[in-house]
Structures are given as structure tokens and as C-alpha cells.
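Shown next: structure09.txt, containing compact mmCIF, C-alpha atoms.
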# COMPACT_ATOMS: atom_id res chain seq x y z
CA MET A 1 121.82 81.79 -24.28
CA ALA A 2 118.56 79.84 -24.41
CA ASP A 3 115.89 80.17 -21.79
CA SER A 4 116.19 77.04 -19.65
CA GLU A 5 112.45 76.83 -19.09
CA ASN A 6 111.25 76.53 -22.66
CA GLY A 7 114.18 76.39 -25.09
CA TRP A 8 113.24 79.54 -27.04
CA LYS A 9 116.00 82.06 -27.66
CA PHE A 10 116.46 85.35 -29.44
CA ALA A 11 118.32 84.88 -32.75
CA GLN A 12 118.27 88.14 -34.70
CA CYS A 13 116.85 91.63 -34.97
CA PHE A 14 116.61 93.94 -37.97
CA GLY A 15 115.67 97.60 -37.81
CA ASP A 16 116.19 100.87 -36.00
CA LYS A 17 117.97 100.77 -32.64
CA GLY A 18 116.12 103.74 -31.16
CA GLU A 19 113.21 103.65 -28.74
CA VAL A 20 109.60 103.61 -29.99
CA ASP A 21 109.12 107.17 -28.77
CA GLU A 22 112.02 108.30 -30.96
CA ILE A 23 110.51 106.97 -34.17
CA THR A 24 109.83 109.90 -36.43
CA GLU A 25 109.05 107.93 -39.56
CA ALA A 26 105.67 106.21 -39.29
CA ALA A 27 106.47 104.83 -42.75
CA ASP A 28 109.01 102.46 -41.17
CA ILE A 29 106.43 100.68 -38.99
CA ILE A 30 106.08 97.07 -40.13
CA SER A 31 102.50 96.21 -41.12
CA THR A 32 102.85 92.58 -42.24
CA VAL A 33 105.37 89.70 -42.08
CA GLU A 34 105.32 86.39 -43.98
CA PHE A 35 107.59 83.36 -44.50
CA ASP A 36 107.52 81.68 -47.91
CA HIS A 37 106.57 77.98 -48.27
CA THR A 38 110.16 76.79 -47.76
CA GLY A 39 111.11 79.15 -44.93
CA ASP A 40 114.21 80.18 -46.88
CA TYR A 41 112.74 83.62 -47.55
CA LEU A 42 110.96 86.12 -45.34
CA ALA A 43 109.02 89.21 -46.41
CA THR A 44 107.93 92.31 -44.52
CA GLY A 45 105.74 95.18 -45.65
CA ASP A 46 105.56 98.58 -43.98
CA LYS A 47 103.35 101.65 -43.75
CA GLY A 48 105.52 103.41 -46.33
CA GLY A 49 104.49 100.92 -49.04
CA ARG A 50 107.87 99.17 -49.09
CA VAL A 51 108.46 95.42 -49.24
CA VAL A 52 111.73 94.12 -47.75
CA LEU A 53 112.84 90.55 -48.42
CA PHE A 54 115.30 88.47 -46.42
CA GLU A 55 116.92 85.15 -47.32
CA ARG A 56 118.28 82.37 -45.13
CA ASN A 57 121.92 82.91 -44.27
CA ASP A 58 123.40 79.46 -44.90
CA SER A 59 126.80 80.56 -43.67
CA LYS A 60 125.41 80.87 -40.13
CA ARG A 61 124.40 78.08 -37.82
CA GLY A 62 120.77 78.10 -36.77
CA CYS A 63 117.96 80.16 -38.19
CA GLU A 64 119.46 83.46 -39.31
CA TYR A 65 118.59 85.69 -42.25
CA LYS A 66 120.29 88.37 -44.30
CA PHE A 67 118.96 91.23 -46.39
CA TYR A 68 117.92 90.11 -49.90
CA THR A 69 116.25 93.08 -51.59
CA GLU A 70 113.84 95.96 -51.05
CA PHE A 71 111.37 97.62 -53.41
CA GLN A 72 108.57 100.19 -53.37
CA SER A 73 105.39 98.18 -53.82
CA HIS A 74 102.71 100.88 -53.48
CA GLU A 75 102.56 104.66 -53.66
CA PRO A 76 100.00 106.98 -52.01
CA GLU A 77 97.05 107.69 -54.29
CA PHE A 78 93.97 109.89 -54.29
CA ASP A 79 90.46 108.79 -55.23
CA TYR A 80 89.04 111.91 -56.84
CA LEU A 81 85.54 110.46 -57.15
CA LYS A 82 85.25 109.84 -53.42
CA SER A 83 87.73 112.55 -52.32
CA LEU A 84 89.67 109.94 -50.35
CA GLU A 85 93.37 109.44 -49.84
CA ILE A 86 94.50 105.86 -50.44
CA GLU A 87 97.51 105.22 -48.24
CA GLU A 88 100.43 103.15 -49.41
CA LYS A 89 100.56 100.87 -46.32
CA ILE A 90 101.06 97.19 -47.17
CA ASN A 91 98.19 95.26 -45.58
CA LYS A 92 99.20 91.72 -46.59
CA ILE A 93 101.92 89.81 -48.42
CA LYS A 94 101.46 86.25 -49.72
CA TRP A 95 104.13 84.14 -51.44
CA CYS A 96 103.31 82.03 -54.49
CA LYS A 97 104.80 78.54 -54.51
CA ARG A 98 108.13 78.65 -56.31
CA GLN A 99 108.17 77.01 -59.74
CA ASN A 100 111.40 78.33 -61.26
CA ALA A 101 114.41 80.47 -60.37
CA ALA A 102 112.22 83.54 -59.80
CA GLN A 103 110.07 84.27 -56.74
CA PHE A 104 106.51 85.57 -57.09
CA LEU A 105 104.53 87.27 -54.33
CA LEU A 106 101.31 89.20 -53.92
CA SER A 107 101.20 92.46 -51.98
CA THR A 108 98.19 94.67 -51.32
CA ASN A 109 97.29 98.02 -49.84
CA ASP A 110 93.69 99.10 -49.19
CA LYS A 111 92.65 99.06 -52.85
CA THR A 112 95.20 97.51 -55.22
CA ILE A 113 96.83 94.07 -55.32
CA LYS A 114 100.11 93.54 -57.19
CA LEU A 115 101.92 90.41 -58.33
CA TRP A 116 105.68 90.90 -58.08
CA LYS A 117 108.39 88.89 -59.79
CA VAL A 118 111.68 88.90 -57.85
CA PHE A 119 114.68 87.47 -59.67
CA GLU A 120 118.45 87.64 -60.05
CA LYS A 121 119.46 89.83 -62.97
CA SER A 122 122.93 89.86 -64.51
CA LEU A 123 124.34 93.30 -65.31
CA LYS A 124 126.66 93.23 -68.31
CA VAL A 125 129.05 95.83 -69.68
CA VAL A 126 130.70 96.19 -73.10
CA ALA A 127 134.21 94.81 -72.64
CA GLU A 128 135.39 94.98 -76.22
CA ASN A 129 134.30 97.01 -79.21
CA ASN A 130 135.75 98.39 -82.43
CA LEU A 131 137.50 101.28 -80.69
CA SER A 132 138.59 99.49 -77.53
CA ASP A 133 142.17 98.93 -78.76
CA GLY A 134 142.78 102.64 -79.10
CA MET A 135 142.52 102.37 -82.87
CA ARG A 136 141.18 105.46 -84.53
CA PRO A 137 139.25 105.32 -87.80
CA GLN A 138 141.44 106.23 -90.78
CA ASN A 139 139.82 108.62 -93.25
CA GLY A 140 136.60 108.18 -91.28
CA ARG A 141 136.60 104.44 -91.83
CA VAL A 142 137.17 101.48 -89.53
CA GLN A 143 139.50 98.98 -91.14
CA SER A 144 137.88 95.89 -89.65
CA LEU A 145 134.62 95.38 -87.78
CA LYS A 146 134.37 93.29 -84.65
CA LEU A 147 131.22 92.34 -82.76
CA PRO A 148 131.13 94.02 -79.31
CA LYS A 149 131.62 91.62 -76.42
CA LEU A 150 129.57 91.78 -73.22
CA THR A 151 130.95 90.50 -69.94
CA HIS A 152 129.26 89.92 -66.62
CA HIS A 153 129.71 92.90 -64.32
CA ASP A 154 127.38 92.32 -61.37
CA THR A 155 124.28 90.45 -60.22
CA ILE A 156 121.40 92.43 -58.77
CA ILE A 157 118.05 91.36 -57.33
CA ALA A 158 115.32 92.92 -59.47
CA ALA A 159 111.62 93.26 -58.62
CA VAL A 160 109.08 93.99 -61.35
CA PRO A 161 105.27 94.10 -61.13
CA ARG A 162 103.91 91.37 -63.39
CA LYS A 163 100.21 92.05 -62.76
CA VAL A 164 98.21 94.84 -61.14
CA TYR A 165 94.73 93.83 -59.91
CA ALA A 166 92.92 97.14 -59.44
CA ASN A 167 89.44 98.68 -59.23
CA ALA A 168 87.73 95.59 -57.82
CA HIS A 169 87.19 96.66 -54.20
CA ALA A 170 85.02 99.54 -53.03
CA TYR A 171 86.13 99.01 -49.42
CA HIS A 172 89.48 98.40 -47.73
CA ILE A 173 91.15 95.06 -48.52
CA ASN A 174 91.93 93.15 -45.31
CA SER A 175 92.97 89.72 -46.64
CA ILE A 176 94.45 87.92 -49.60
CA SER A 177 94.87 84.14 -49.77
CA ILE A 178 96.38 82.01 -52.54
CA ASN A 179 94.58 78.77 -53.39
CA SER A 180 96.22 75.35 -53.15
CA ASP A 181 95.69 74.99 -56.94
CA GLY A 182 98.37 77.67 -57.43
CA GLU A 183 96.24 79.41 -60.05
CA THR A 184 93.67 81.43 -58.13
CA TYR A 185 93.44 83.60 -55.04
CA ILE A 186 90.80 85.47 -53.04
CA SER A 187 90.82 89.04 -51.80
CA ALA A 188 88.46 90.23 -49.08
CA ASP A 189 87.31 93.68 -48.06
CA ASP A 190 84.76 94.74 -45.44
CA LEU A 191 81.74 93.54 -47.42
CA ARG A 192 82.86 91.42 -50.37
CA ILE A 193 85.21 88.58 -51.32
CA ASN A 194 86.50 88.33 -54.89
CA LEU A 195 88.04 85.33 -56.67
CA TRP A 196 90.91 86.02 -59.08
CA ASN A 197 92.99 84.07 -61.54
CA LEU A 198 96.64 85.03 -61.04
CA ASN A 199 97.10 85.40 -64.81
CA ILE A 200 94.07 87.68 -65.36
CA SER A 201 94.24 91.13 -63.83
CA ASP A 202 91.21 92.82 -65.39
CA GLN A 203 88.52 90.37 -64.27
CA SER A 204 87.46 88.88 -60.94
CA PHE A 205 84.40 87.03 -59.68
CA ASN A 206 82.46 88.19 -56.64
CA ILE A 207 81.86 85.06 -54.52
CA VAL A 208 80.68 86.64 -51.24
CA ASP A 209 78.64 89.83 -50.92
CA ILE A 210 77.16 90.78 -47.54
CA LYS A 211 76.40 94.39 -48.46
CA PRO A 212 72.75 95.17 -47.59
CA VAL A 213 70.55 97.12 -50.01
CA ASN A 214 70.23 99.79 -47.36
CA MET A 215 73.57 100.50 -45.67
CA GLU A 216 71.72 101.57 -42.52
CA GLU A 217 70.86 97.89 -42.05
CA LEU A 218 74.55 96.91 -41.97
CA THR A 219 75.22 94.80 -38.87
CA GLU A 220 78.57 93.10 -39.59
CA VAL A 221 81.68 93.28 -41.75
CA ILE A 222 84.16 90.70 -43.04
CA THR A 223 87.39 90.82 -41.04
CA ALA A 224 89.56 88.06 -42.58
CA ALA A 225 89.43 85.28 -45.19
CA GLU A 226 91.58 82.28 -46.09
CA PHE A 227 91.57 79.34 -48.51
CA HIS A 228 91.69 75.78 -47.20
CA PRO A 229 95.32 74.55 -47.51
CA ILE A 230 94.35 71.31 -49.27
CA HIS A 231 90.83 71.47 -50.73
CA CYS A 232 90.79 74.18 -53.39
CA ASN A 233 86.99 74.52 -53.30
CA LEU A 234 86.81 75.50 -49.61
CA PHE A 235 87.50 78.85 -47.98
CA MET A 236 86.50 80.54 -44.73
CA TYR A 237 85.86 84.09 -43.64
CA SER A 238 85.35 85.69 -40.24
CA SER A 239 83.11 88.55 -39.21
CA SER A 240 82.88 91.35 -36.69
CA LYS A 241 80.07 89.39 -35.01
CA GLY A 242 82.50 86.70 -33.87
CA THR A 243 81.45 84.07 -36.41
CA ILE A 244 83.49 82.01 -38.89
CA LYS A 245 81.81 80.81 -42.06
CA LEU A 246 83.15 77.92 -44.14
CA SER A 247 82.02 78.07 -47.78
CA ASP A 248 82.17 75.60 -50.66
CA MET A 249 82.59 77.09 -54.15
CA ARG A 250 81.11 73.94 -55.70
CA ALA A 251 77.71 74.71 -54.17
CA ALA A 252 76.97 77.97 -56.00
CA ALA A 253 78.64 80.80 -57.89
CA LEU A 254 77.76 83.20 -55.06
CA CYS A 255 78.74 81.64 -51.74
CA ASP A 256 76.42 83.67 -49.51
CA ASN A 257 75.01 80.45 -48.09
CA HIS A 258 77.79 78.99 -45.98
CA ALA A 259 78.43 75.26 -45.58
CA LYS A 260 79.30 75.61 -41.88
CA LEU A 261 79.00 78.30 -39.25
CA PHE A 262 81.46 78.27 -36.35
CA GLU A 263 80.04 80.27 -33.47
CA GLU A 264 80.12 80.16 -29.70
CA GLN A 265 77.05 81.58 -27.98
CA GLU A 266 77.81 84.34 -25.51
CA ASP A 267 76.77 84.00 -21.90
CA PRO A 268 74.04 86.65 -21.40
CA ALA A 269 75.43 87.35 -17.92
CA ASN A 270 78.67 88.62 -19.46
CA ARG A 271 77.01 90.93 -21.97
CA SER A 272 78.13 94.57 -21.88
CA PHE A 273 78.51 97.67 -24.04
CA PHE A 274 81.85 96.28 -25.30
CA SER A 275 80.64 92.75 -26.08
CA GLU A 276 80.29 93.23 -29.82
CA ILE A 277 83.65 94.99 -30.14
CA ILE A 278 85.67 92.41 -28.22
CA SER A 279 83.95 89.47 -29.95
CA SER A 280 84.99 90.75 -33.41
CA ILE A 281 87.47 88.27 -34.92
CA SER A 282 90.67 89.96 -36.08
CA ASP A 283 92.32 86.94 -37.73
CA VAL A 284 91.63 83.33 -38.76
CA LYS A 285 94.06 80.64 -39.90
CA PHE A 286 93.85 77.01 -40.99
CA SER A 287 96.33 74.47 -39.66
CA LYS A 288 98.64 73.03 -42.32
CA ASP A 289 96.52 69.87 -42.63
CA GLY A 290 93.28 71.88 -42.76
CA ARG A 291 91.77 70.03 -39.78
CA TYR A 292 91.83 72.93 -37.30
CA ILE A 293 90.95 76.61 -37.37
CA LEU A 294 92.60 79.24 -35.20
CA SER A 295 90.74 82.49 -34.48
CA ARG A 296 91.72 85.57 -32.50
CA ASP A 297 89.44 88.17 -30.95
CA TYR A 298 90.49 90.93 -28.56
CA LEU A 299 90.46 88.86 -25.37
CA THR A 300 90.88 85.25 -26.50
CA LEU A 301 92.46 82.79 -28.89
CA LYS A 302 90.22 79.91 -30.00
CA ILE A 303 91.05 76.58 -31.63
CA TRP A 304 88.23 74.96 -33.61
CA ASP A 305 87.87 71.49 -35.08
CA ILE A 306 86.55 71.81 -38.64
CA ASN A 307 84.15 68.94 -37.86
CA MET A 308 82.65 70.58 -34.75
CA ASP A 309 81.04 73.97 -35.28
CA ASN A 310 79.02 74.50 -32.08
CA ARG A 311 81.95 75.37 -29.81
CA PRO A 312 85.75 75.65 -29.96
CA LEU A 313 87.99 72.80 -28.86
CA LYS A 314 89.98 75.20 -26.72
CA THR A 315 89.60 78.81 -25.61
CA ILE A 316 92.80 80.48 -24.39
CA ASN A 317 92.50 83.72 -22.46
CA ILE A 318 95.02 86.26 -23.73
CA HIS A 319 93.79 89.57 -22.33
CA ASP A 320 91.59 88.51 -19.44
CA HIS A 321 93.62 90.83 -17.19
CA LEU A 322 92.41 93.76 -19.35
CA ARG A 323 88.71 93.05 -18.88
CA ASN A 324 88.41 95.76 -16.22
CA LYS A 325 90.17 98.31 -18.42
CA LEU A 326 87.94 98.06 -21.48
CA CYS A 327 86.57 101.56 -20.95
CA ASP A 328 90.08 103.06 -21.05
CA LEU A 329 91.01 100.89 -24.02
CA TYR A 330 87.92 102.13 -25.84
CA GLU A 331 88.92 105.74 -25.16
CA ASN A 332 92.44 105.28 -26.55
CA ASP A 333 91.23 103.07 -29.46
CA CYS A 334 93.39 100.10 -28.40
CA ILE A 335 90.26 97.95 -28.14
CA PHE A 336 90.20 98.04 -31.96
CA ASP A 337 93.75 96.64 -32.32
CA LYS A 338 93.82 93.72 -34.75
CA PHE A 339 96.08 90.98 -33.38
CA GLU A 340 97.06 88.22 -35.78
CA CYS A 341 97.45 84.54 -34.92
CA THR A 342 99.27 81.63 -36.52
CA PHE A 343 99.78 77.87 -36.28
CA SER A 344 103.23 76.29 -36.15
CA GLY A 345 104.26 74.32 -39.23
CA ASP A 346 103.32 71.00 -37.61
CA GLY A 347 100.05 72.41 -36.24
CA GLN A 348 100.95 71.47 -32.66
CA ASN A 349 101.49 75.04 -31.39
CA VAL A 350 99.82 78.42 -31.80
CA LEU A 351 101.14 81.97 -31.52
CA THR A 352 99.63 85.41 -30.97
CA GLY A 353 100.74 88.82 -29.72
CA SER A 354 99.91 91.23 -26.93
CA TYR A 355 101.04 94.53 -25.39
CA ASN A 356 104.43 95.53 -23.91
CA ASN A 357 105.84 93.69 -26.96
CA TYR A 358 104.90 90.32 -25.42
CA PHE A 359 103.80 87.38 -27.51
CA TYR A 360 102.52 83.99 -26.38
CA ILE A 361 103.09 80.44 -27.60
CA TYR A 362 100.72 77.62 -26.58
CA ASP A 363 100.53 73.99 -27.51
CA ARG A 364 97.29 73.02 -29.23
CA GLU A 365 95.90 71.50 -26.05
CA GLY A 366 96.48 74.79 -24.22
CA LEU A 367 98.66 73.09 -21.60
CA SER A 368 101.89 75.02 -22.07
CA ASP A 369 102.02 78.82 -21.89
CA ILE A 370 105.25 80.49 -23.03
CA SER A 371 105.56 84.28 -22.76
CA LEU A 372 108.34 85.99 -24.70
CA GLN A 373 109.17 89.64 -25.21
CA ALA A 374 110.50 91.21 -28.40
CA ASP A 375 112.37 94.14 -26.93
CA LYS A 376 115.24 96.34 -27.99
CA ILE A 377 117.31 95.27 -24.99
CA ALA A 378 119.01 93.09 -27.62
CA PHE A 379 120.79 96.13 -29.00
CA LYS A 380 121.99 97.18 -25.56
CA THR A 381 123.10 93.68 -24.59
CA LYS A 382 126.72 92.94 -25.36
CA ARG A 383 127.42 89.72 -27.19
CA GLY A 384 128.48 87.02 -24.79
CA SER A 385 130.98 84.35 -25.61
CA VAL A 386 128.20 82.17 -26.97
CA LYS A 387 125.18 84.13 -28.18
CA HIS A 388 122.85 86.99 -27.29
CA ARG A 389 121.20 86.90 -23.91
CA MET A 390 117.52 86.11 -23.80
CA LEU A 391 115.38 89.18 -24.29
CA ARG A 392 113.23 88.58 -21.29
CA GLY A 393 113.73 87.52 -17.71
CA LYS A 394 111.38 85.14 -16.03
CA ASN A 395 108.29 83.68 -17.64
CA VAL A 396 105.74 86.33 -16.65
CA LYS A 397 102.26 84.96 -16.04
CA LYS A 398 99.42 87.11 -17.33
CA GLU A 399 97.70 87.23 -13.96
CA GLU A 400 100.89 88.74 -12.49
CA ILE A 401 100.96 91.61 -14.98
CA ASN A 402 100.32 95.05 -13.51
CA VAL A 403 97.85 96.53 -16.00
CA ASP A 404 98.76 100.07 -14.96
CA THR A 405 102.33 99.63 -16.19
CA ILE A 406 101.43 98.24 -19.63
CA ASP A 407 102.70 100.32 -22.55
CA PHE A 408 99.86 100.11 -25.07
CA ASN A 409 102.02 101.71 -27.76
CA LYS A 410 104.23 98.62 -27.78
CA LYS A 411 102.26 95.77 -29.31
CA ILE A 412 102.91 92.64 -31.34
CA LEU A 413 100.24 92.60 -34.05
CA HIS A 414 102.04 90.71 -36.83
CA ALA A 415 103.93 87.41 -36.73
CA SER A 416 104.76 84.42 -38.93
CA TRP A 417 105.90 80.88 -38.07
CA HIS A 418 108.53 79.09 -40.15
CA PRO A 419 106.73 76.31 -42.10
CA ASN A 420 109.22 73.54 -41.31
CA GLU A 421 110.91 74.36 -38.01
CA ASN A 422 110.37 76.12 -34.70
CA SER A 423 111.46 79.60 -35.71
CA ILE A 424 109.24 82.66 -35.67
CA ALA A 425 109.39 86.16 -37.13
CA ILE A 426 107.89 88.93 -34.99
CA ALA A 427 107.14 92.50 -36.11
CA ALA A 428 107.57 94.94 -33.23
CA THR A 429 106.87 98.48 -34.44
CA ASN A 430 109.78 99.11 -36.85
CA ASN A 431 111.85 96.06 -35.88
CA LEU A 432 111.84 92.48 -37.14
CA PHE A 433 112.80 89.90 -34.51
CA ILE A 434 113.69 86.26 -35.18
CA PHE A 435 113.27 83.76 -32.33
CA THR A 436 114.15 80.10 -32.55
CA CYS A 437 113.68 77.03 -30.35
CA VAL A 438 116.80 75.00 -29.61
CA TYR A 439 114.95 71.83 -28.62
Would you kindly transcribe this structure into C-alpha cells?
Amino acid sequence: MADSENGWKFAQCFGDKGEVDEITEAADIISTVEFDHTGDYLATGDKGGRVVLFERNDSKRGCEYKFYTEFQSHEPEFDYLKSLEIEEKINKIKWCKRQNAAQFLLSTNDKTIKLWKVFEKSLKVVAENNLSDGMRPQNGRVQSLKLPKLTHHDTIIAAVPRKVYANAHAYHINSISINSDGETYISADDLRINLWNLNISDQSFNIVDIKPVNMEELTEVITAAEFHPIHCNLFMYSSSKGTIKLSDMRAAALCDNHAKLFEEQEDPANRSFFSEIISSISDVKFSKDGRYILSRDYLTLKIWDINMDNRPLKTINIHDHLRNKLCDLYENDCIFDKFECTFSGDGQNVLTGSYNNYFYIYDREGLSDISLQADKIAFKTKRGSVKHRMLRGKNVKKEEINVDTIDFNKKILHASWHPNENSIAIAATNNLFIFTCVY
């Protein structure tokens, strides 16, 4: 049953039915979610290094998905030179544009990026051979030879690593982004951004390097990076200082000198001990047409016009009700949570997550404010005669939220918006929720 106020309804949920507190396997916690360019496929990665793919279920009305395949993308490793464990957690997944019957996607953990080929493979069995008729060789000889015949037995979905891009990052990889040319991609860690050709795994070009000669002089790190969706020479990256830099690869081989700097000056009256932490940008995204930039920091969501770098077009307060609890959030490390953000396919709406498994949808002008909750009530709700009940009750305004009752262990960090319709995929701990708009 759709919510009468805004038309959004719960469509599907994959994953464990237990409560968050009952989760014993941290490996099952979803760490990234991504639609492909058509919206027919959906990928999730988890802390256990697994990638799970879903495909559109055409037999169902509306936006519903079914399990497609699952494979182990990364394994835990150990860096003996630095005596560091490299965890298998999937940080990002990016789909390559489909060019044939197979699907290609990039997945990365902290150190290694892999290009996976996912395809349908026919399993065949020998149906007829020289001894299939029960004939036994006479005097050790077969009277007549026949070629064995193979027949189709089953079709499986196979996943094989086509390329492994390793040993290029000294720090943890936080972003990968495929270029609009379909041939290259960038990978970003805390201090450097590398440019790769998808077909060459043993060579990359360092295009941004902010590492100081003396690490004691380090003042900022790179937090996210993305290619422009149309112009293959442009890319942007955000920093822990709250800035977004747009760079042009035509200008120089090393893009340390940015073409544009998007930054909003902080009001000195609001400066505090937490200012630098809460101004750190956790995610940046281009709109599909490349005209707008969406950025998320701890308290706000900002929409920028690529032609206006001195201030954002719109600033949307997400966690203003938490401003008085920053000290507690610093103590429990929640202030360092990295919330993602995303544009809708048409660029008219934006989406980001919050605590208590709430996520928010706004139109680009910031006029509408839709609050939805991805909660496991869906499992406890019996199917009605039509469809599942909505997962939330009334549209809760943020100023009405009692901050003392917020469960900071329940948070929506990862989400993806269908490229062609109003359907969204939400990762809530170890569950994948699909919501769709009926209008």
C-alpha cells in the first residue's frame, strides 16, 4: 500500500530477518550498492568480500529483483612489509557499460581493484560415446568408432576475474569511477588519484598527488572522486577540508592545479572543535547531465552548480538536530560515519541516509522533504490483499525527532537510484531494501 502523502512504497527486501543486535556475522554487512546503467541489474558488496548480483524480475509487475549470482571478489590479505592486515571488505562497485552478452564490473577493497566478467555458461555432458550402447570391446577392440556427443545440461552464471589492478595504492582506496569514454577509470585513495586503462593492469598514471614531503605537514585527505558523466577530460575530488576540486586532464599530466574550487566559507561564529570533522565531505556525485554536483558532509547535503563555485545553490540540513550531541557522537565515533548521496536519474531529486534507518529524498530545489525508513517491520508485516504495508508511519519531521531515542547502530550509509525510473536500493546493515514511487 503506497504512502498517500508522497507515493513511495516498499517493494522488496533481501537479507536476514533477525534484528541488528542478533547479527553475528559482520561479514554480511553490506558495504556498497550500485545499479548498472540500464537498471536491469543491481550489485551489492559486503564486508566479507562477496559481491551479490540481482536482476530485474520481468515476471513481476513493478520494480522487483531476483537473485542472479554471487561470488567471492576479495580475500583477506596481509602486508608483510608494513605488518598490516588488508581486509576483504568491498569498498566500491562500478558497472562497465554493457557491450555484449557478458557483464563487466569493477570491485575494490582497500588495496586491489578487480575487473570481473559475469556471463551465462552452458554446462554440457557426454550423452553418447563408444560404450554408451552397452557394447563391450571384443578382443580388446571397438568394432566401430563414433564421435562423443555433448548435450546441454544446465546454464550457470559464471564470474571470472579478467584483470587485477594491484600495488598502485599505498593508502586505502575510497573511490573508483569509470570514464565516459568506456576505456579508462580513476581510483582514489587518501592522498593520490590514479588513472587506469581498463585493458592494462600493470600500469597506471598518477594524476593527483597531495602527499606532502613531510607527513607532519599533512592537513587534508581525499575523500571521494568521480569522472564527469559526459566530458571525459574532467573529474572532481573532494577533501576532508570541505572543498571540491574540479580538474581538467588536458591542462597537465599532473592535475594538482585544479580548474575550479567549490568551497563555502564557514561563519567564524559557528567555529568549534568539531568544525573540521563535520565539514569533511564524505561523498560527491555529478548529476546525469553533469551540470550539478551533490556533496554530503556530516550535517548537510549541498547542491552546487558547476558554473558557480563560490557557494552552493542549495544547502539542506540533514542532521541539524544532532548539533548539540556532537560531543557524544565524537565519543562513539559516529561523527566519522561516511554517508553517501545520489541524484535521481533525471537529476530532479536527491537522496541521502541518516540514523534509525531513515533516509531522505528532496527535490533539487529543496522544497519537498520525504522521510522513509528501511526497517525490518516488513518481515513481521503480513501480506495484505494488495501489497506490503508501508514501512513507516507518518512523515516524521527532523525537528520532531527525539535525539535521545535515536539508535546510532542503525544507519543508512549506502544507496543507489535507478537510472531510468523512481526506484531506489537501500543498504541497511545486512539487508537490501527496494523502494519505488507509484506516481
Nearest to Lys211 in chain A by atom-to-atom distance, counting all atoms listed in the file, from A:Asn431, A:Lys288, A:Lys82, A:Ala170
A:Ala170
What does the distance from CA of Asn214 in chain A to CA of Thr108 in chain A come to in Å, to one decimal?
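It comes out at 28.7 Å.
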Report as a Markdown table the residues of range 91-180 of chain A within 10 Å of range 49-68 of chain A, each with its shortest atom pair and distance in Å (one decimal), using all atoms listed in the file, ordered by chain and increasing residue number.
| residue | atom | partner | partner_atom | distance |
| --- | --- | --- | --- | --- |
| A:Asn91 | CA | A:Gly49 | CA | 9.1 |
| A:Ile93 | CA | A:Val51 | CA | 8.7 |
| A:Ser107 | CA | A:Val51 | CA | 8.3 |
| A:Thr108 | CA | A:Gly49 | CA | 9.2 |
| A:Asn109 | CA | A:Gly49 | CA | 7.8 |
| A:Val118 | CA | A:Leu53 | CA | 9.6 |
| A:Ile156 | CA | A:Tyr68 | CA | 9.8 |
| A:Ile157 | CA | A:Tyr68 | CA | 7.5 |
For range 318-329 of chain A, please output as a ChimeraX atom specification all residues within 8 Å (counting only C-alpha atoms; exclusion window: fewer than 3 positions along the same chain).
/A:274,298-301,332-335,354,398-399,401,403
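Of the listed residues (A:Val160, A:Met236, A:Ile406, A:Ile230), A:Met236 comes nearest to Ile193 in chain A; the distances count all atoms listed in the file.
Between Asp283 in chain A and the residues A:Asn174, A:Gln99, A:Asn194, A:Gln265, the shortest atom-to-atom distance, using all atoms listed in the file, involves A:Asn174.
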Under the rule that only C-alpha atoms are counted, which of A:Phe336, A:Trp196, A:Tyr41, A:Trp8 is the nearest residue to Ser240 in chain A?
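For Ser240 in chain A, the nearest of the given residues is A:Phe336.
In this model, the gap between CA of Asp407 in chain A and CA of Lys314 in chain A comes to 28.5 Å.
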Using all atoms listed in the file, find each residue of range 53-148 of chain A with at least one atom at most 10 Å away from an atom of range 178-187 of chain A; report its shortest atom-to-atom pair and that distance in Å (one decimal), sort the rows by chain and rising residue number, and return the result as JSON lines.
{"residue": "A:Lys94", "atom": "CA", "partner": "A:Ile178", "partner_atom": "CA", "distance": 7.2}
{"residue": "A:Trp95", "atom": "CA", "partner": "A:Ile178", "partner_atom": "CA", "distance": 8.1}
{"residue": "A:Cys96", "atom": "CA", "partner": "A:Ile178", "partner_atom": "CA", "distance": 7.2}
{"residue": "A:Lys97", "atom": "CA", "partner": "A:Gly182", "partner_atom": "CA", "distance": 7.1}
{"residue": "A:Arg98", "atom": "CA", "partner": "A:Gly182", "partner_atom": "CA", "distance": 9.9}
{"residue": "A:Leu105", "atom": "CA", "partner": "A:Ile178", "partner_atom": "CA", "distance": 9.9}
{"residue": "A:Leu106", "atom": "CA", "partner": "A:Ile178", "partner_atom": "CA", "distance": 8.8}
{"residue": "A:Thr108", "atom": "CA", "partner": "A:Ser187", "partner_atom": "CA", "distance": 9.3}
{"residue": "A:Ile113", "atom": "CA", "partner": "A:Ser187", "partner_atom": "CA", "distance": 8.6}
Please, which residues are within 8 Å of (86.6, 88.2, -43.4) by the file's coordinates, counting only C-alpha atoms, and could they come as an MDAnalysis selection string?
chainID A and resid 174:175 188:190 221:225 236:239
Show which residues sit within 7 Å of His418 in chain A, as a PDB file with C-alpha atoms, in the frame of the given file. Count all atoms listed in the file, and ignore same-chain residues fewer than 4 positions away.
ATOM      1  CA  PHE A  35     107.590  83.360 -44.500  1.00  0.00           C
ATOM      2  CA  GLY A  39     111.110  79.150 -44.930  1.00  0.00           C
ATOM      3  CA  GLY A 345     104.260  74.320 -39.230  1.00  0.00           C
ATOM      4  CA  ASN A 422     110.370  76.120 -34.700  1.00  0.00           C
ATOM      5  CA  SER A 423     111.460  79.600 -35.710  1.00  0.00           C
ATOM      6  CA  ILE A 424     109.240  82.660 -35.670  1.00  0.00           C
TER       7      ILE A 424
END
Between CA of Ala43 in chain A and CA of Glu85 in chain A, what is the spacing in Å?
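Straight-line distance from CA of Glu85 in chain A to CA of Ala43 in chain A works out to 25.8 Å.
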